[in-house]
$ cat protein06.txt   # compact mmCIF, C-alpha atoms
# COMPACT_ATOMS: atom_id res chain seq x y z
CA MET A 1 118.90 84.35 114.29
CA HIS A 2 115.17 84.57 114.69
CA LYS A 3 115.19 88.31 114.09
CA ASP A 4 117.30 87.94 110.95
CA ALA A 5 114.98 85.27 109.67
CA LYS A 6 112.07 87.63 110.15
CA LYS A 7 113.75 90.52 108.40
CA PHE A 8 114.73 88.44 105.40
CA ASN A 9 111.80 87.86 103.10
CA PHE A 10 112.54 84.96 100.81
CA GLY A 11 109.87 85.87 98.26
CA GLU A 12 111.14 89.44 97.97
CA ALA A 13 114.77 88.37 97.73
CA PHE A 14 114.01 85.74 95.10
CA GLY A 15 111.87 88.18 93.14
CA GLU A 16 114.63 90.77 93.18
CA LEU A 17 117.18 88.21 92.03
CA GLU A 18 114.95 87.28 89.11
CA ARG A 19 114.56 90.96 88.23
CA ILE A 20 118.33 91.47 88.25
CA VAL A 21 118.87 88.44 86.01
CA GLU A 22 116.19 89.65 83.61
CA GLU A 23 117.69 93.15 83.49
CA PHE A 24 121.13 91.70 83.08
CA GLU A 25 120.06 89.76 80.03
CA ARG A 26 118.30 92.69 78.46
CA ASP A 27 120.01 95.83 79.59
CA ASP A 28 123.30 97.23 78.37
CA ALA A 29 124.03 99.38 81.40
CA ASP A 30 127.49 100.65 82.15
CA LEU A 31 129.95 98.24 83.62
CA GLU A 32 130.17 99.81 87.03
CA LYS A 33 126.42 99.62 87.59
CA SER A 34 126.31 96.09 86.24
CA LEU A 35 129.07 95.05 88.59
CA LYS A 36 127.12 96.39 91.57
CA GLU A 37 123.97 94.57 90.47
CA PHE A 38 126.01 91.45 89.86
CA GLU A 39 127.41 91.47 93.37
CA HIS A 40 123.97 92.24 94.81
CA GLY A 41 122.49 89.33 92.85
CA LEU A 42 125.12 86.91 94.08
CA ALA A 43 124.56 88.05 97.66
CA LEU A 44 120.79 87.55 97.32
CA ALA A 45 121.28 84.06 95.87
CA GLN A 46 123.62 83.21 98.73
CA LYS A 47 121.13 84.42 101.33
CA CYS A 48 118.32 82.46 99.70
CA LYS A 49 120.45 79.32 99.72
CA GLU A 50 121.35 79.76 103.34
CA ARG A 51 117.74 80.31 104.20
CA LEU A 52 116.74 77.10 102.44
CA SER A 53 119.32 75.03 104.24
CA GLU A 54 118.96 76.39 107.74
CA ILE A 55 115.47 77.05 108.94
CA GLU A 56 112.74 74.59 109.77
CA ASN A 57 109.00 75.10 109.78
CA LYS A 58 107.52 76.24 113.07
CA VAL A 59 104.11 75.15 114.29
CA LYS A 60 102.15 77.20 116.81
CA GLU A 61 98.88 75.78 118.02
CA ILE A 62 95.99 78.16 118.50
CA LYS A 63 94.46 77.69 121.93
CA ALA A 64 90.97 78.99 121.32
CA LYS A 65 88.19 77.35 123.23
CA PHE A 66 85.14 76.69 121.17
CA GLY A 67 82.64 77.48 123.94
CA GLU A 68 84.10 80.95 124.57
CA ALA A 69 84.89 81.81 121.00
CA ILE A 70 81.49 80.88 119.61
CA GLY A 71 79.91 83.58 121.75
CA ARG A 72 81.82 86.41 120.01
CA MET B 1 29.92 63.01 132.28
CA ASP B 2 33.60 63.70 131.91
CA LYS B 3 34.88 67.20 131.42
CA ILE B 4 33.61 69.02 128.34
CA TYR B 5 36.46 70.87 126.59
CA SER B 6 36.21 73.90 124.44
CA VAL B 7 38.10 73.45 121.15
CA SER B 8 40.95 75.61 122.34
CA GLU B 9 41.11 73.79 125.66
CA PHE B 10 41.18 70.47 123.83
CA ILE B 11 44.02 71.58 121.56
CA ASP B 12 46.04 72.82 124.54
CA ALA B 13 45.45 69.58 126.41
CA ALA B 14 46.35 67.49 123.36
CA ASN B 15 49.56 69.48 122.83
CA GLU B 16 50.49 68.92 126.46
CA LEU B 17 50.17 65.18 125.88
CA LEU B 18 52.07 65.40 122.60
CA ALA B 19 54.99 67.43 123.95
CA PHE B 20 57.73 64.81 123.50
CA GLU B 21 60.62 64.71 121.07
CA VAL B 22 60.54 62.11 118.35
CA TRP B 23 62.71 60.85 115.49
CA ILE B 24 60.81 59.82 112.34
CA GLU B 25 62.26 58.35 109.17
CA GLY B 26 60.48 58.57 105.85
CA GLU B 27 60.44 59.83 102.29
CA VAL B 28 59.84 63.49 101.51
CA SER B 29 56.82 64.49 99.45
CA GLY B 30 55.05 67.77 98.74
CA PHE B 31 58.14 69.80 99.68
CA ASN B 32 57.34 73.51 99.62
CA ILE B 33 58.91 76.70 100.92
CA SER B 34 56.42 79.49 101.55
CA GLN B 35 57.48 83.16 101.40
CA ASN B 36 61.10 82.09 101.96
CA LYS B 37 60.14 81.61 105.60
CA TRP B 38 58.15 78.47 106.18
CA VAL B 39 58.93 74.95 105.04
CA PHE B 40 56.17 72.37 104.58
CA PHE B 41 56.47 68.74 103.53
CA ASP B 42 55.04 65.32 104.27
CA LEU B 43 56.93 62.25 105.39
CA LYS B 44 55.53 59.00 104.05
CA ASP B 45 56.44 55.34 104.12
CA LYS B 46 55.93 52.24 101.97
CA GLU B 47 52.60 51.47 103.60
CA GLY B 48 51.29 54.80 102.33
CA ALA B 49 51.06 56.38 105.78
CA LYS B 50 52.07 60.02 105.96
CA VAL B 51 52.60 62.79 108.49
CA GLY B 52 52.88 66.54 107.89
CA CYS B 53 56.06 68.38 108.81
CA PHE B 54 56.66 72.08 109.35
CA MET B 55 59.78 74.09 110.06
CA GLY B 56 61.31 77.57 109.77
CA ALA B 57 63.40 78.03 106.63
CA TRP B 58 66.27 79.37 108.78
CA THR B 59 66.66 76.01 110.52
CA LEU B 60 66.84 74.10 107.24
CA ARG B 61 70.52 73.31 106.59
CA GLU B 62 70.17 70.47 104.12
CA ALA B 63 68.99 70.64 100.55
CA ILE B 64 65.75 68.65 100.43
CA GLU B 65 63.56 67.55 97.59
CA ASP B 66 60.70 65.12 97.03
CA GLY B 67 61.64 61.44 97.06
CA MET B 68 64.56 61.93 99.41
CA LYS B 69 64.85 59.65 102.40
CA ILE B 70 65.38 61.60 105.61
CA ARG B 71 65.14 61.46 109.37
CA VAL B 72 63.56 64.31 111.25
CA ARG B 73 63.77 65.22 114.91
CA GLY B 74 60.79 67.22 116.10
CA VAL B 75 57.81 67.64 118.33
CA PRO B 76 54.24 66.66 117.28
CA LYS B 77 51.74 69.49 117.49
CA LEU B 78 48.10 70.17 116.76
CA TYR B 79 47.56 73.59 115.22
CA GLY B 80 44.48 75.37 116.43
CA LYS B 81 44.01 77.61 113.43
CA THR B 82 44.05 74.89 110.80
CA GLY B 83 43.10 71.91 112.92
CA ARG B 84 45.98 70.13 111.32
CA PHE B 85 48.42 67.84 113.02
CA SER B 86 52.08 68.13 112.11
CA ILE B 87 55.60 67.66 113.33
CA THR B 88 57.51 70.85 114.17
CA VAL B 89 60.92 69.89 112.85
CA GLN B 90 64.12 70.88 114.68
CA GLU B 91 66.71 68.87 112.79
CA ILE B 92 66.99 66.87 109.59
CA GLN B 93 69.40 64.08 108.74
CA LEU B 94 69.83 62.69 105.29
CA VAL B 95 69.62 58.89 105.11
CA GLY B 96 71.81 56.80 102.81
CA GLU B 97 74.33 57.73 100.13
CA GLY B 98 71.56 58.42 97.64
CA ALA B 99 69.99 61.17 99.72
CA LEU B 100 73.38 62.60 100.66
CA HIS B 101 74.44 62.66 97.07
CA ARG B 102 71.25 64.26 95.91
CA ALA B 103 71.47 66.89 98.63
CA PHE B 104 75.05 67.53 97.60
CA GLU B 105 73.99 68.07 94.00
CA LEU B 106 71.15 70.39 94.99
CA LEU B 107 73.31 72.51 97.26
CA LYS B 108 76.09 72.56 94.71
CA ALA B 109 73.70 73.86 92.06
CA LYS B 110 72.41 76.51 94.44
CA LEU B 111 75.83 77.78 95.50
CA GLU B 112 77.09 77.66 91.95
CA LYS B 113 74.20 79.84 90.87
CA GLU B 114 75.12 82.30 93.60
CA GLY B 115 78.66 82.50 92.25
CA LEU B 116 80.50 80.84 95.13
CA PHE B 117 82.55 78.72 92.74
CA ALA B 118 83.15 81.39 90.08
CA PRO B 119 86.64 81.05 88.60
CA GLU B 120 87.03 84.82 88.26
CA ARG B 121 86.70 85.18 92.04
CA LYS B 122 89.60 82.83 92.72
CA ARG B 123 92.73 84.43 94.08
CA LYS B 124 96.27 83.26 93.45
CA LEU B 125 98.35 82.07 96.37
CA PRO B 126 101.67 83.82 96.95
CA ARG B 127 104.59 82.05 95.33
CA PHE B 128 106.55 81.93 98.57
CA PRO B 129 104.12 81.92 101.49
CA ALA B 130 105.62 82.71 104.87
CA ARG B 131 102.71 82.60 107.34
CA LEU B 132 99.78 80.27 107.14
CA GLY B 133 96.79 79.10 109.09
CA LEU B 134 96.18 75.35 109.17
CA ILE B 135 92.78 73.93 109.99
CA THR B 136 92.46 70.19 110.46
CA SER B 137 92.33 67.57 113.16
CA ARG B 138 95.46 66.96 115.17
CA GLU B 139 94.68 63.23 115.20
CA ALA B 140 94.04 62.94 111.47
CA ALA B 141 96.42 61.33 109.00
CA ALA B 142 95.87 64.47 106.96
CA TYR B 143 97.86 66.52 109.47
CA THR B 144 100.81 64.11 109.40
CA ASP B 145 100.77 63.81 105.60
CA PHE B 146 100.54 67.55 105.09
CA MET B 147 103.35 68.34 107.53
CA ARG B 148 105.62 65.60 106.16
CA ILE B 149 105.40 66.83 102.57
CA LEU B 150 105.63 70.45 103.70
CA ASN B 151 108.83 69.83 105.67
CA ASN B 152 110.34 67.92 102.76
CA ARG B 153 109.62 70.72 100.33
CA TRP B 154 110.08 73.97 102.16
CA SER B 155 111.27 75.67 105.32
CA GLY B 156 110.94 78.87 107.28
CA LEU B 157 107.15 78.75 107.44
CA GLU B 158 105.14 79.98 110.39
CA ILE B 159 102.25 77.56 110.74
CA ASN B 160 99.37 78.56 112.97
CA PHE B 161 97.48 75.39 113.64
CA PHE B 162 93.85 75.35 114.68
CA HIS B 163 92.63 71.93 115.76
CA THR B 164 89.02 71.09 114.88
CA GLN B 165 86.86 68.05 114.48
CA VAL B 166 86.72 67.07 110.83
CA GLN B 167 83.72 64.78 111.03
CA GLY B 168 80.63 64.44 113.12
CA GLU B 169 78.11 67.01 114.17
CA GLU B 170 80.62 69.38 115.74
CA ALA B 171 82.86 69.51 112.68
CA ALA B 172 81.00 72.10 110.59
CA PRO B 173 80.54 74.75 113.33
CA GLN B 174 84.14 74.26 114.51
CA LEU B 175 85.48 74.64 110.97
CA VAL B 176 83.47 77.83 110.51
CA LEU B 177 84.74 79.13 113.83
CA ALA B 178 88.37 78.37 112.94
CA ILE B 179 88.02 80.12 109.55
CA ASN B 180 86.45 83.16 111.20
CA TYR B 181 89.06 83.14 113.97
CA PHE B 182 91.94 83.40 111.51
CA ASN B 183 90.17 86.11 109.51
CA LYS B 184 89.56 88.13 112.62
CA GLU B 185 92.72 87.53 114.66
CA MET B 186 95.35 86.98 111.95
CA PRO B 187 94.04 88.69 108.82
CA ASN B 188 97.56 89.07 107.39
CA LEU B 189 98.21 85.37 106.94
CA ASP B 190 99.34 84.46 103.42
CA VAL B 191 97.17 81.35 103.11
CA LEU B 192 94.53 79.45 105.01
CA VAL B 193 94.88 75.69 104.56
CA ILE B 194 91.90 73.45 105.29
CA THR B 195 92.51 69.76 104.89
CA ARG B 196 91.20 66.31 105.71
CA GLY B 197 91.84 62.79 104.46
CA GLY B 198 89.47 60.65 102.44
CA GLY B 199 86.16 59.21 103.54
CA GLY B 200 82.62 58.46 102.49
CA LEU B 201 80.12 61.16 101.65
CA ASP B 202 78.90 60.90 105.22
CA ASP B 203 82.39 61.45 106.66
CA LEU B 204 82.93 64.48 104.47
CA ALA B 205 79.51 65.95 105.33
CA ALA B 206 80.98 68.97 107.17
CA PHE B 207 82.96 69.97 104.08
CA ASN B 208 79.81 69.68 102.01
CA SER B 209 77.81 71.86 104.38
CA GLU B 210 76.56 75.21 103.24
CA GLU B 211 77.97 77.02 106.27
CA VAL B 212 81.53 75.78 105.74
CA ALA B 213 81.43 76.45 101.99
CA ARG B 214 80.17 79.98 102.67
CA ALA B 215 82.81 80.63 105.34
CA ILE B 216 85.55 79.54 102.93
CA PHE B 217 84.08 81.71 100.20
CA ALA B 218 83.90 84.69 102.56
CA SER B 219 87.47 84.30 103.87
CA LYS B 220 89.60 87.40 103.25
CA ILE B 221 92.68 85.24 103.62
CA PRO B 222 93.20 83.22 100.41
CA THR B 223 92.15 79.61 100.93
CA LEU B 224 93.70 76.30 99.92
CA VAL B 225 91.43 73.33 100.49
CA GLY B 226 92.47 69.70 100.13
CA ILE B 227 89.81 67.20 101.16
CA GLY B 228 89.76 63.46 100.72
CA HIS B 229 91.32 61.24 98.11
CA GLU B 230 92.00 62.06 94.49
CA ARG B 231 88.43 61.64 93.34
CA ASP B 232 86.60 63.18 96.25
CA GLU B 233 84.99 66.50 95.54
CA THR B 234 83.43 68.66 98.21
CA LEU B 235 81.67 72.00 98.13
CA SER B 236 84.52 73.35 100.28
CA ASP B 237 86.94 72.42 97.50
CA TYR B 238 84.81 74.29 95.00
CA ALA B 239 84.53 77.39 97.18
CA ALA B 240 88.29 77.56 97.82
CA ASP B 241 90.67 79.79 95.91
CA VAL B 242 92.93 76.86 95.21
CA ARG B 243 91.83 73.25 95.34
CA ALA B 244 94.15 70.38 96.15
CA SER B 245 93.22 66.72 95.64
CA THR B 246 94.69 65.42 98.92
CA PRO B 247 96.41 66.75 102.06
CA SER B 248 99.80 65.90 100.49
CA ASN B 249 98.82 67.68 97.32
CA ALA B 250 97.84 70.71 99.43
CA ALA B 251 101.42 70.90 100.73
CA GLU B 252 102.69 70.60 97.15
CA ARG B 253 100.43 73.35 95.93
CA LEU B 254 101.27 75.59 98.85
CA THR B 255 105.05 75.64 98.62
CA PRO B 256 107.65 75.43 95.91
CA ASP B 257 110.06 72.53 96.00
CA ARG B 258 113.32 73.29 97.78
CA ALA B 259 115.39 71.33 95.25
CA GLU B 260 113.73 73.13 92.35
CA ILE B 261 114.31 76.53 93.89
CA LEU B 262 117.92 75.66 94.69
CA ALA B 263 118.39 74.64 91.06
CA SER B 264 116.71 77.87 90.00
CA LEU B 265 119.06 79.86 92.28
CA GLU B 266 122.07 78.09 90.75
CA HIS B 267 120.72 78.91 87.32
CA CYS B 268 120.34 82.56 88.25
CA VAL B 269 123.90 82.71 89.55
CA HIS B 270 125.15 80.97 86.41
CA LEU B 271 123.29 83.41 84.18
CA LEU B 272 124.60 86.38 86.14
CA GLU B 273 128.17 85.12 85.88
CA GLN B 274 127.82 84.41 82.20
CA GLU B 275 126.32 87.80 81.47
CA MET B 276 128.90 89.56 83.63
CA GLU B 277 131.73 87.84 81.76
CA MET B 278 130.16 88.90 78.49
CA LYS B 279 129.77 92.48 79.68
CA ILE B 280 133.42 92.60 80.72
CA LYS B 281 134.49 91.10 77.39
CA ASN B 282 132.34 93.63 75.56
CA ALA B 283 133.88 96.44 77.55
CA GLN B 284 137.35 95.13 76.77
CA ASN B 285 136.49 94.95 73.11
CA ARG B 286 135.20 98.49 73.20
CA VAL B 287 138.46 99.71 74.78
CA HIS B 288 140.46 97.78 72.17
CA ASP B 289 138.39 99.19 69.31
CA ALA B 290 138.79 102.69 70.68
CA GLY B 291 142.58 102.16 70.73
CA ILE B 292 142.60 101.11 67.10
CA ILE B 293 140.50 104.07 66.09
CA PHE B 294 142.78 106.38 68.03
CA GLU B 295 145.88 104.93 66.43
CA ARG B 296 144.30 105.18 63.03
CA SER B 297 143.44 108.80 63.52
CA LEU B 298 146.92 109.47 64.85
CA GLY B 299 148.47 107.94 61.69
CA GLU B 300 146.19 109.97 59.55
CA ARG B 301 147.15 113.18 61.32
CA LYS B 302 150.84 112.36 61.01
CA ARG B 303 150.41 111.78 57.31
CA ARG B 304 148.62 115.07 56.95
CA LEU B 305 151.30 116.83 58.97
CA ASP B 306 154.05 115.31 56.87
CA ALA B 307 152.25 116.32 53.70
CA ALA B 308 151.83 119.84 55.02
CA LYS B 309 155.49 119.98 55.97
CA ASN B 310 156.58 118.78 52.53
CA ASN B 311 154.28 121.22 50.93
CA MET B 312 155.70 124.03 52.95
CA ILE B 313 159.30 123.05 52.16
CA MET B 314 158.35 122.98 48.50
CA LEU B 315 156.75 126.38 48.76
CA ILE B 316 159.76 127.81 50.54
CA ASN B 317 162.12 126.30 47.99
CA ARG B 318 160.04 127.71 45.22
CA LEU B 319 160.09 131.09 46.90
CA ILE B 320 163.85 130.90 47.36
CA ASP B 321 164.27 129.99 43.67
CA LYS B 322 162.05 132.84 42.64
CA THR B 323 163.90 135.29 44.88
CA THR B 324 167.28 134.11 43.63
CA THR B 325 166.25 134.59 40.02
CA ARG B 326 164.95 138.03 40.76
CA LEU B 327 168.09 138.86 42.69
CA ASP B 328 170.24 137.76 39.73
CA PHE B 329 168.24 139.95 37.42
CA MET B 330 168.53 142.88 39.71
CA MET B 331 172.26 142.34 40.12
CA ARG B 332 172.62 142.34 36.37
CA ALA B 333 170.56 145.49 36.06
CA LEU B 334 172.58 147.13 38.78
CA LYS B 335 175.73 146.10 37.10
CA ASN B 336 174.61 147.82 33.94
CA LEU B 337 173.85 151.00 35.83
CA ASN B 338 177.31 151.15 37.48
CA PRO B 339 179.00 154.33 36.10
CA GLU B 340 182.26 152.56 35.97
CA ASN B 341 180.86 150.39 33.23
CA ILE B 342 180.16 153.63 31.30
CA LEU B 343 183.80 154.69 31.77
CA ASP B 344 184.74 151.40 30.09
CA ARG B 345 182.94 152.67 27.03
CA GLY B 346 185.21 155.81 26.92
CA PHE B 347 183.32 158.24 29.11
CA SER B 348 184.99 159.96 32.03
CA ILE B 349 183.81 161.71 35.17
CA VAL B 350 185.02 165.14 36.28
CA PHE B 351 185.28 165.89 40.02
CA LYS B 352 185.97 169.21 41.64
CA ASN B 353 186.78 168.93 45.32
CA GLY B 354 185.30 165.40 45.29
CA LYS B 355 182.06 166.55 43.66
CA ILE B 356 180.95 165.52 40.20
CA ILE B 357 180.86 168.44 37.76
CA LYS B 358 177.88 168.51 35.49
CA ASP B 359 177.88 172.24 34.46
CA ALA B 360 180.84 173.99 32.89
CA GLY B 361 179.62 177.17 34.54
CA THR B 362 180.61 175.91 37.94
CA VAL B 363 184.29 175.87 36.99
CA ALA B 364 186.59 178.83 36.85
CA PRO B 365 190.08 179.09 35.36
CA GLY B 366 192.64 177.89 37.77
CA ASP B 367 190.36 175.25 39.35
CA ILE B 368 191.85 171.88 39.86
CA LEU B 369 189.72 169.10 38.37
CA ASN B 370 190.09 165.41 38.83
CA VAL B 371 189.06 163.30 35.83
CA LYS B 372 188.26 159.72 36.40
CA LEU B 373 188.82 157.45 33.42
CA SER B 374 188.15 153.79 32.97
CA LYS B 375 191.62 153.12 34.08
CA GLY B 376 193.32 155.68 36.29
CA ARG B 377 192.79 159.37 37.05
CA VAL B 378 194.02 162.63 35.50
CA ARG B 379 194.70 165.73 37.55
CA SER B 380 194.10 168.81 35.48
CA LYS B 381 193.85 172.60 35.73
CA VAL B 382 191.26 174.79 34.04
CA ILE B 383 192.79 177.46 31.78
$ encode --input "protein06.txt" --output "structure tokens"
Amino acid sequence: MHKDAKKFNFGEAFGELERIVEEFERDDADLEKSLKEFEHGLALAQKCKERLSEIENKVKEIKAKFGEAIGR
Amino acid sequence: MDKIYSVSEFIDAANELLAFEVWIEGEVSGFNISQNKWVFFDLKDKEGAKVGCFMGAWTLREAIEDGMKIRVRGVPKLYGKTGRFSITVQEIQLVGEGALHRAFELLKAKLEKEGLFAPERKRKLPRFPARLGLITSREAAAYTDFMRILNNRWSGLEINFFHTQVQGEEAAPQLVLAINYFNKEMPNLDVLVITRGGGGLDDLAAFNSEEVARAIFASKIPTLVGIGHERDETLSDYAADVRASTPSNAAERLTPDRAEILASLEHCVHLLEQEMEMKIKNAQNRVHDAGIIFERSLGERKRRLDAAKNNMIMLINRLIDKTTTRLDFMMRALKNLNPENILDRGFSIVFKNGKIIKDAGTVAPGDILNVKLSKGRVRSKVI
């Protein structure tokens, strides 16, 4: 789960989805290619949705000590 | 007689007596920086009393000008070379909102001139940040507010939290340290968030300090700074890439809204489906059109074939007619040439031994000749 979350980059996926939609509206590619893009787009949207519903924000506290760190 | 001092001895002895730390409050006058190294000014009070102050420019953190009310911490000293008495200043505190505000304005003007607030140097934050550094106080309401809004809006973030003081003397150096820590240890963070709730000018002093503003400006990680209430402005805000009005607003500026993005995703899916349907319909139409064109061309070919066939039949018929006519003519001609038709006209043909005789010389008396007439034959003998 954690590994998958790391591999999946929401920004990239969302950006790609937007690109597909834009191309879809503009381009008159052949049907077979369009169908592939269509399926890819739907899959990306699904992943993005899942990502939004599942994962929480994680907080890690930095344990730097001021006395030590100031010296560097 | 008591001890007679040389001048130098006296000055040393006096300085030994004077070597104690003192806080003095007064108004600045005659402020002057010499060769960018040495700072001279007098402190005076309402009674008109004044005392000279001296310090190294490198220890001067606050922006000072004449008329400002300040407190100095320092050690009194008699200078042998000039014979002058002055306070060697170690620390300056601004007194009252007026002085703080004036110092703020002075420092702001200075940093602005240096280009620390230049709009063209501001970087954009990524649209979907994934990893961030958060610098604030763990006890502050700012932390709670920021996290609450952040969790409402977005998920999947890695938040690296660095706890620092956000007010008091320790705040500024700790903030600088935290900023430098992230830049050194986690330079790939998407955003550095520095936030604190509202407060008076005094409470926000760390965020108005030159060192913090410079550290924010120098950060390689893009910075998002949200200090105070709506109206509060700090030099840290100005130096940041993106400025938020409050800690909550910082969370809003940092992340997109989950509901909005979900709606946007739905919209994308809807558009894709709509376009796909259209593409399929278009393709169907194209196939249909191609069928019609094919049929049309087939009909046309058939018509042409039929026409060609008819044409050919006509040609053949015409040829047959022509041939028949010619045949008739030839038959007639042949008929005319038939010798038997000549016999009808009274001629006869003479055969000897089955051969037609054309020369009387070829017959001798006694030969038997056959004469063919139009009707019947005559057998005769040459005499």
$ interface_residues --input "protein06.txt" --of "chain B" --to "chain A" --cutoff "8 Å" --atoms "all atoms listed in the file" --output "PyMOL selection string"
chain B and resi 127-129+151+154-163+174+177+258+262+265-266+268-269+271-273+275-276+279-280+283
$ residues_around --input "protein06.txt" --residues "B:Arg84" --least-positions-apart "3" --cutoff "12 Å" --atoms "only C-alpha atoms" --output "ChimeraX atom specification"
/B:11,51-54,76-81,87-88
$ write_last_selection --input "protein06.txt" --atoms "C-alpha atoms" --output "PDB file, in the frame of the given file"
ATOM      1  CA  ILE B  11      44.020  71.580 121.560  1.00  0.00           C
ATOM      2  CA  VAL B  51      52.600  62.790 108.490  1.00  0.00           C
ATOM      3  CA  GLY B  52      52.880  66.540 107.890  1.00  0.00           C
ATOM      4  CA  CYS B  53      56.060  68.380 108.810  1.00  0.00           C
ATOM      5  CA  PHE B  54      56.660  72.080 109.350  1.00  0.00           C
ATOM      6  CA  PRO B  76      54.240  66.660 117.280  1.00  0.00           C
ATOM      7  CA  LYS B  77      51.740  69.490 117.490  1.00  0.00           C
ATOM      8  CA  LEU B  78      48.100  70.170 116.760  1.00  0.00           C
ATOM      9  CA  TYR B  79      47.560  73.590 115.220  1.00  0.00           C
ATOM     10  CA  GLY B  80      44.480  75.370 116.430  1.00  0.00           C
ATOM     11  CA  LYS B  81      44.010  77.610 113.430  1.00  0.00           C
ATOM     12  CA  ILE B  87      55.600  67.660 113.330  1.00  0.00           C
ATOM     13  CA  THR B  88      57.510  70.850 114.170  1.00  0.00           C
TER      14      THR B  88
END
$ residues_around --input "protein06.txt" --residues "B:Val72" --least-positions-apart "5" --cutoff "6 Å" --atoms "all atoms listed in the file" --output "PDB file with C-alpha atoms, keeping the file's coordinate frame"
ATOM      1  CA  TRP B  23      62.710  60.850 115.490  1.00  0.00           C
ATOM      2  CA  ILE B  24      60.810  59.820 112.340  1.00  0.00           C
ATOM      3  CA  GLU B  91      66.710  68.870 112.790  1.00  0.00           C
ATOM      4  CA  ILE B  92      66.990  66.870 109.590  1.00  0.00           C
TER       5      ILE B  92
END
$ atom_distance --input "protein06.txt" --atom1 "atom CA of B:Arg231" --atom2 "atom CA of B:Arg196"
13.5 Å
$ residues_around --input "protein06.txt" --residues "stretch 335-351 of chain B" --least-positions-apart "5" --cutoff "9 Å" --atoms "all atoms listed in the file" --output "ChimeraX atom specification"
/B:330,356-358,368-375
$ atom_distance --input "protein06.txt" --atom1 "atom CA of B:Glu62" --atom2 "atom CA of B:Phe104"
8.7 Å
$ atom_distance --input "protein06.txt" --atom1 "atom CA of B:Ala213" --atom2 "atom CA of B:His229"
18.6 Å
